[in-house]
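Novice: A single structure is presented below for examination.
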Protein chains: 2
Amino acid sequence: MARIELFDTTLRDGSQREGISFSVTDKLKIAQKLDKLGIHYIEGGFAGSNPKDMEFFERAKKLKFKNSKLVAFGSTRRKGVKAEDDSNLRALASCGTSAVCIVGKCWHIHVERALRTTLQENLNMISESVAFLKEKGLEVFFDAEHFFDGYKDNPDYAIACLKAAESAGADCLVLCDTNGGTLPFEVKDIITKVEKEVRTRIGIHTHNDAECAVANSIVAVQAGATHVQGTINGYGERCGNANLCSIIPALQLKLGIEVLSPEQLKLLTEVSHYVSEIANLSPYPQQAYVGQSAFAHKAGLHTSAVEREEYGYAHIDPSLVGNIQRVVVSELAGKSTIILKAQELGIDLSSEPHKVNDILNRIKGLEHIGYHFDAADASLEIFLRKSLGIHPTFFKLERFRVIMEKREDGKVATEATIKLSVGGKEIIETAEGNGPVNAIDKALRKAIGSMYPALNDIELNDFKVRVLDEKKGTAAVTRVLIESGDGQKTWGTIGVSENIIEASWQALVDSIEYGLMHKKVHEENGLIGINGTNSKTGKSERVKSEKVKK
Amino acid sequence: MARIELFDTTLRDGSQREGISFSVTDKLKIAQKLDKLGIHYIEGGFAGSNPKDMEFFERAKKLKFKNSKLVAFGSTRRKGVKAEDDSNLRALASCGTSAVCIVGKCWHIHVERALRTTLQENLNMISESVAFLKEKGLEVFFDAEHFFDGYKDNPDYAIACLKAAESAGADCLVLCDTNGGTLPFEVKDIITKVEKEVRTRIGIHTHNDAECAVANSIVAVQAGATHVQGTINGYGERCGNANLCSIIPALQLKLGIEVLSPEQLKLLTEVSHYVSEIANLSPYPQQAYVGQSAFAHKAGLHTSAVEREEYGYAHIDPSLVGNIQRVVVSELAGKSTIILKAQELGIDLSSEPHKVNDILNRIKGLEHIGYHFDAADASLEIFLRKSLGIHPTFFKLERFRVIMEKREDGKVATEATIKLSVGGKEIIETAEGNGPVNAIDKALRKAIGSMYPALNDIELNDFKVRVLDEKKGTAAVTRVLIESGDGQKTWGTIGVSENIIEASWQALVDSIEYGLMHKKVHEENGLIGINGTNSKTGKSERVKSEKVKK
């Protein structure tokens with residue numbers, strides 16, 4: 001069977017989902033994660049008219065991708081304009097990607113009513129745009145908009161559009177079910193007929209308006225498509241795009257088509273959750289393959305049987321996609337996860353098996369009340385260090401107070417006062433801020449900054465808040481995720497509390513302590529020797545730090 | 001084509017979804033709603049061992065169903081026991097329904113390992129159980145558990161199980177994809193083969209573990225199945241059951257099989273939301289056909305075209321399933337988007353083109369500083385009303401103050417004091433909360449609650465915070481999204497500020513004002529006449545409110 005190409009459009013079509021608004025940094029992070037997963041093509045966004053996406057392509061030039069090619073998206077030239085004079089096509093050709101994807105109309109009604117031009121001019125727009133981009137040496141994907149609806153209405157014209165792209169040298173003809181209402185049998189029938197008309201490779205791009213996007217993509221591959229477009233978690237406009245998190249394991253584990261390496265496939269659950277964290281959307285627990293409930297068993301009929309035969313009630317072994325079975329929590333699997341994680345953080349637990357059980361139980365307790373260490377490695381490391389009594393103490397908080405006022409003139413003022421001890425010295429400081437967390441952050445920096453000058457390099461990059469028990473509104477448990485960086489690396493920390501300020505404080509302290517702990521400068525200054533005393537033994541502790549290039 | 005039977009198992013299989021726990025009253029309410037929708041069979045629950053379900057069947061005897069038959073669920077007799085001596089089978093026969101559904105094993109491995117009996121005894125269990133129930137004059141559905149996996153593994157034995165049920169007189173052989181991992185082409189192949197072996201009508205029962213449950217059900221009907229099992233919203237264990245809210249419109253609108261009357265089909269969206277309310281789960285906005293986003297358009301590429309041809313970008317006319325087309329206002333919006341959006345909100349802007357430009361520019365300005373009206377329809381409506389000078393004033397804030405302390409004992413205390421005037425009266429109130437926004441919310445409700453008793457029905461469901469300019473950390477601009485509801489509908493509001501509390505305040509006030517504005521009770525009490533003065537003209541303003549059934 002021919003190689004199947006995976007084409008991810010989370011950053012373009014996926015971002016059309018209501019509620020998603022990716023920053024350029026978000027997009028760069030997701031692109032790197034998709035590269036790690038092994039996606040073949042990553043559509044980064046619109047070239048031309050969209051300044052945010054142009055910034056993305058500019059900044060992406062500095063990234064090195066191991067597995068993926070970046071793709072820029074645009075439309076065929078405007079009507080009545082030469083391709084070389086179309087500013088969007090020129091922007092597309094010059095945004096630095098080696099592959100581009102252009103969308104063109106294939107449904108005659110849309111050509112006449114939406115585009116308001118002749119059917120011939122639309123064919124010219126397709127062929128001249130493809131030819132222009134091919135002349136620039138680019139790999140060109142032609143997105144055949146509304147292909148299935150167009151074909152059902154006027155098959156000759158829909159095929160003529162594909163042929164216009166093919167004759168101009170398009171590398172792949174991507175049949176789009178733009179309205180998402182096509183059913184599997186129609187996809188099969190139409191692709192089978194299209195294959196008799198064109199020789200170029202066929203791609204499939206489906207939407208989930210009939211809840212058939214995944215099935216339609218699988219059926220298309222079985223009918224001969226060798227290029228599959230979709231998004232992580234099926235994010236997309238209306239009901240979403242085809243969900244790569246379901247298509248990839250179906251192709252690989254059920255149809256035996258190796259689209260990723262087995263090691264890459266194991267990253268699928270992590271990538272799914274990572275993208276939802278960045279989108280600030282709760283992961284969908286019922287999501288196929290990667291959801292938290294995907295391999296959880298509740299029915300009495302099943303649970304005892306599940307125990308007897310581990311995967312007799314699961315359609316695949318969940319570890320193949322990096323997920324876990326939830327009823328039968330294998331003690332060994334849980335323990336080995338902790339040992340591996342600690343190892344990754346530079347902590348050797350293999351010689352202390354008695355501690356692992358205790359740590360595992362405490363982590364489960366924390367996760368039960370809403371902690372979620374997926375996106376908070378730094379907090380996990382601090383938790384492990386504290387559990388092992390090897391976490392240095394940088395300062396000791398006594399109390400803080402925040403006062404906010406919205407005054408009669410409409411202005412808002414916020415001040416925080418913090419009292420703490422550092423190196424045996426008591427300090428009290430007050431600072432104003434733009435909000436309560438900012439004010440506390442500033443007061444804390446004012447209080448300990450002179451002892452820890454490295455704090456100047458530590459910045460909070462991102463701050464995300466999520467309410468966990470939605471049904472309680474503003475009184476619900478709040479989870480704060482902070483992402484920090486020092487210009488060299490970034491790290492995530494977490495806090496959970498009914499009080500958003502308390503949750504923020506936890507994440508803030510973890511963030512700063514982690515940053516200080518990993519700053520080589522402290523080892524050199526010996527400050528950890530003074531202040532970084534072992535929290536259990538009272539002995540001073542040198543922290544293994546990463547190599548920091550300056 | 002043969003009549004297609006719809007069989008709903010929301011009350012039995014659907015309730016296996018994590019987080020769902022229906023009371024008997026809940027179940028009775030849902031059953032009546034399903035009857036109204038026109039579902040042919042409603043599986044109410046387990047007979048026998050489950051007292052809650054037995055109470056359901058007892059109480060259900062008093063209900064009169066117009067379209068539906070109730071079905072009780074159970075298993076084949078235990079091994080080594082006579083059917084007439086099996087207490088569960090006897091309970092099943094005597095719980096008062098005219099139809100029953102029994103599950104039996106069809107995968108030889110499960111017979112041997114889970115059931116721990118011989119393959120022949122399992123066949124006897126099936127045929128004797130069916131025969132026992134048929135002797136009682138009941139309509140009998142045989143749920144062939146693990147049928148597809150069993151067939152792939154040992155087709156002869158799987159068919160033998162069906163024949164055992166058929167020979168004993170079963171009315172329908174329901175092929176179950178119990179683990180949910182079967183793909184559409186397998187469903188088609190296997191059903192085609194089964195049809196050569198049996199004469200009894202064939203049913204289909206699928207799960208969504210491969211995100212193909214809806215497609216598999218449709219494919220099964222096309223292959224000859226005439227009985228379709230599923231649940232409302234696809235609720236069910238793990239990744240859920242086949243979603244009737246997607247299957248029904250596909251059969252009716254796309255395959256031309258009339259399973260409901262057109263009037264009943266129009267209830268689909270309402271039924272979907274009703275069941276999610278009773279399950280205490282948020283409706284899934286991206287759900288096919290019935291979701292709030294299912295017919296929402298955001299991409300600039302489409303919205304101008306949407307206006308030109310209303311359903312050119314929708315796969316069906318949303319009103320056929322009781323849903324509506326919605327325009328999402330986003331970065332890429334143009335004038336036509338604003339006019340359409342206002343129209344949707346009941347505001348006619350077509351006669352005031354000069355205002356549209358001004359409004360559009362102001363919206364773009366707001367979006368530039370971080371507003372994002374996608375998820376904040378209610379704030380957009382308030383913005384439009386304010387721009388047009390037709391927004392009622394419910395209260396006037398003078399100032400508020402929030403104090404938070406993390407004390408020496410580690411405890412956190414938060415209090416808010418708010419001063420405002422309502423109906424000419426000055427009020428000052430203080431309240432404690434779990435966090436600053438919760439404290440302000442409580443103080444505000446304390447201050448204006450007696451004037452606006454409808455406030456009791458307005459709840460904040462979800463609260464999301466996002467930092468917009470990541471590079472500034474905690475000092476960056478913060479966007480707060482609040483989702484509120486009054487048990488009838490939900491609405492989203494937004495606030496943007498450098499100060500998280502100020503941003504929350506904006507979203508909170510919009511949320512409460514929108515809720516009050518759309519409560520009919522205020523019209524009746526004439527409170528809007530007193531307090532709802534036109535913010536520009538000072539004239540009192542009656543707000544068009546939706547019909548609220550109480």
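In the structure tokens, chains take the letters A, B, ... in the order shown, each chain's residues start at 1, and ligands count up from 1 in the order shown.
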If we count only C-alpha atoms and set the cut-off at 12 Å, which residues sit around Asn243 (chain A), ignoring sequence neighbours fewer than 2 positions away in its own chain? Please answer as a ChimeraX atom specification.

Specialist: /A:6-10,13-14,205-208,211-218,228-236,239-241,245-250,268,272,287-290 /B:210-212

Novice: Write out as JSON, numbers by chain all residues of region 357-391 of chain B that backbone DSSP assigns to helix (DSSP H, G or I).

Specialist: {"B": [357, 358, 359, 360, 361, 362, 363, 364, 365, 366, 367, 368, 373, 374, 375, 377, 378, 379, 380, 381, 382, 383, 384, 385, 386, 387]}

Novice: Give me the residues within 12 Å of Glu426 (chain B) as a PyMOL selection string, counting only C-alpha atoms and dropping any in the same chain fewer than 2 places off.

Specialist: chain B and resi 395-399+418-424+428-429+447-448

Novice: Provide the CA of Leu11 (chain B) to CA of Leu133 (chain B) distance in Å, to one decimal place.

Specialist: 21.9 Å

Novice: In Å, how much C-alpha RMSD is there between chain B and chain A after the fit, with all atoms paired in order?

Specialist: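 Between these identical-sequence chains, the C-alpha RMSD is 6.6 Å.
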
Novice: Quick one: residues within 9 Å of Leu115 (chain A), only C-alpha atoms counted, chain neighbours fewer than 5 positions away excluded, as a PyMOL selection string?

Specialist: (chain A and resi 79+105+110+122) or (chain B and resi 305)

Novice: Pull N, CA and C atoms from the residues just selected and write them as a short mmCIF file (atom, residue, chain, number, x, y, z; two decimals), in the first residue's frame.

Specialist:
data_model
loop_
_atom_site.label_atom_id
_atom_site.label_comp_id
_atom_site.auth_asym_id
_atom_site.auth_seq_id
_atom_site.Cartn_x
_atom_site.Cartn_y
_atom_site.Cartn_z
N LYS A 79 -10.48 36.77 -9.04
CA LYS A 79 -10.95 36.73 -10.43
C LYS A 79 -10.43 37.96 -11.19
N LYS A 105 -12.71 26.67 -5.60
CA LYS A 105 -14.10 26.23 -5.61
C LYS A 105 -14.33 25.13 -6.65
N HIS A 110 -21.47 27.65 -6.18
CA HIS A 110 -20.66 28.59 -5.41
C HIS A 110 -19.83 29.49 -6.32
N ASN A 122 -13.18 30.37 -13.16
CA ASN A 122 -12.79 29.63 -11.95
C ASN A 122 -11.76 28.55 -12.29
N ALA B 305 -20.63 34.89 2.25
CA ALA B 305 -21.35 33.98 1.38
C ALA B 305 -22.60 33.42 2.06
#

Novice: Identify every residue of chain B that has at least one atom within 6 Å of any atom of chain A, counting only C-alpha atoms, and report the result as JSON, numbers by chain.

Specialist: {"B": [114, 179, 181, 209, 210, 211, 212, 215, 238, 239, 286, 287, 288, 293, 294, 295, 296, 305, 313, 314, 315, 374, 375, 398, 399, 400, 401, 402, 403, 404, 405, 406, 407, 408, 434, 435, 438, 460, 461, 462, 463, 464, 465, 466, 467, 470, 471, 473, 474, 475, 498, 499, 500]}

Novice: Find the spatial neighbours of Ala220 (chain A), counting only C-alpha atoms, within a cut-off of 7 Å - ignore same-chain residues fewer than 6 positions away - and output them as a PyMOL selection string.

Specialist: chain A and resi 187-188+191+204

Novice: Once you have the residues from the selection above, write them out as a PDB file, in the first residue's frame, restricted to C-alpha atoms.

Specialist:
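That gives us selection.pdb:
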ATOM      1  CA  VAL A 187     -17.334   9.155   0.020  1.00  0.00           C
ATOM      2  CA  LYS A 188     -16.532   5.663  -1.201  1.00  0.00           C
ATOM      3  CA  ILE A 191     -13.613   8.626  -4.674  1.00  0.00           C
ATOM      4  CA  ILE A 204      -9.341  13.660   1.979  1.00  0.00           C
TER       5      ILE A 204
END

Novice: For the structure I just gave you, how does DSSP split region 32-205 of chain B - specifically, which residues are strand (DSSP E)? Reply as a VMD selection string.

Specialist: chain B and resid 41 to 46 69 to 75 99 to 105 139 to 145 172 to 177 201 to 205
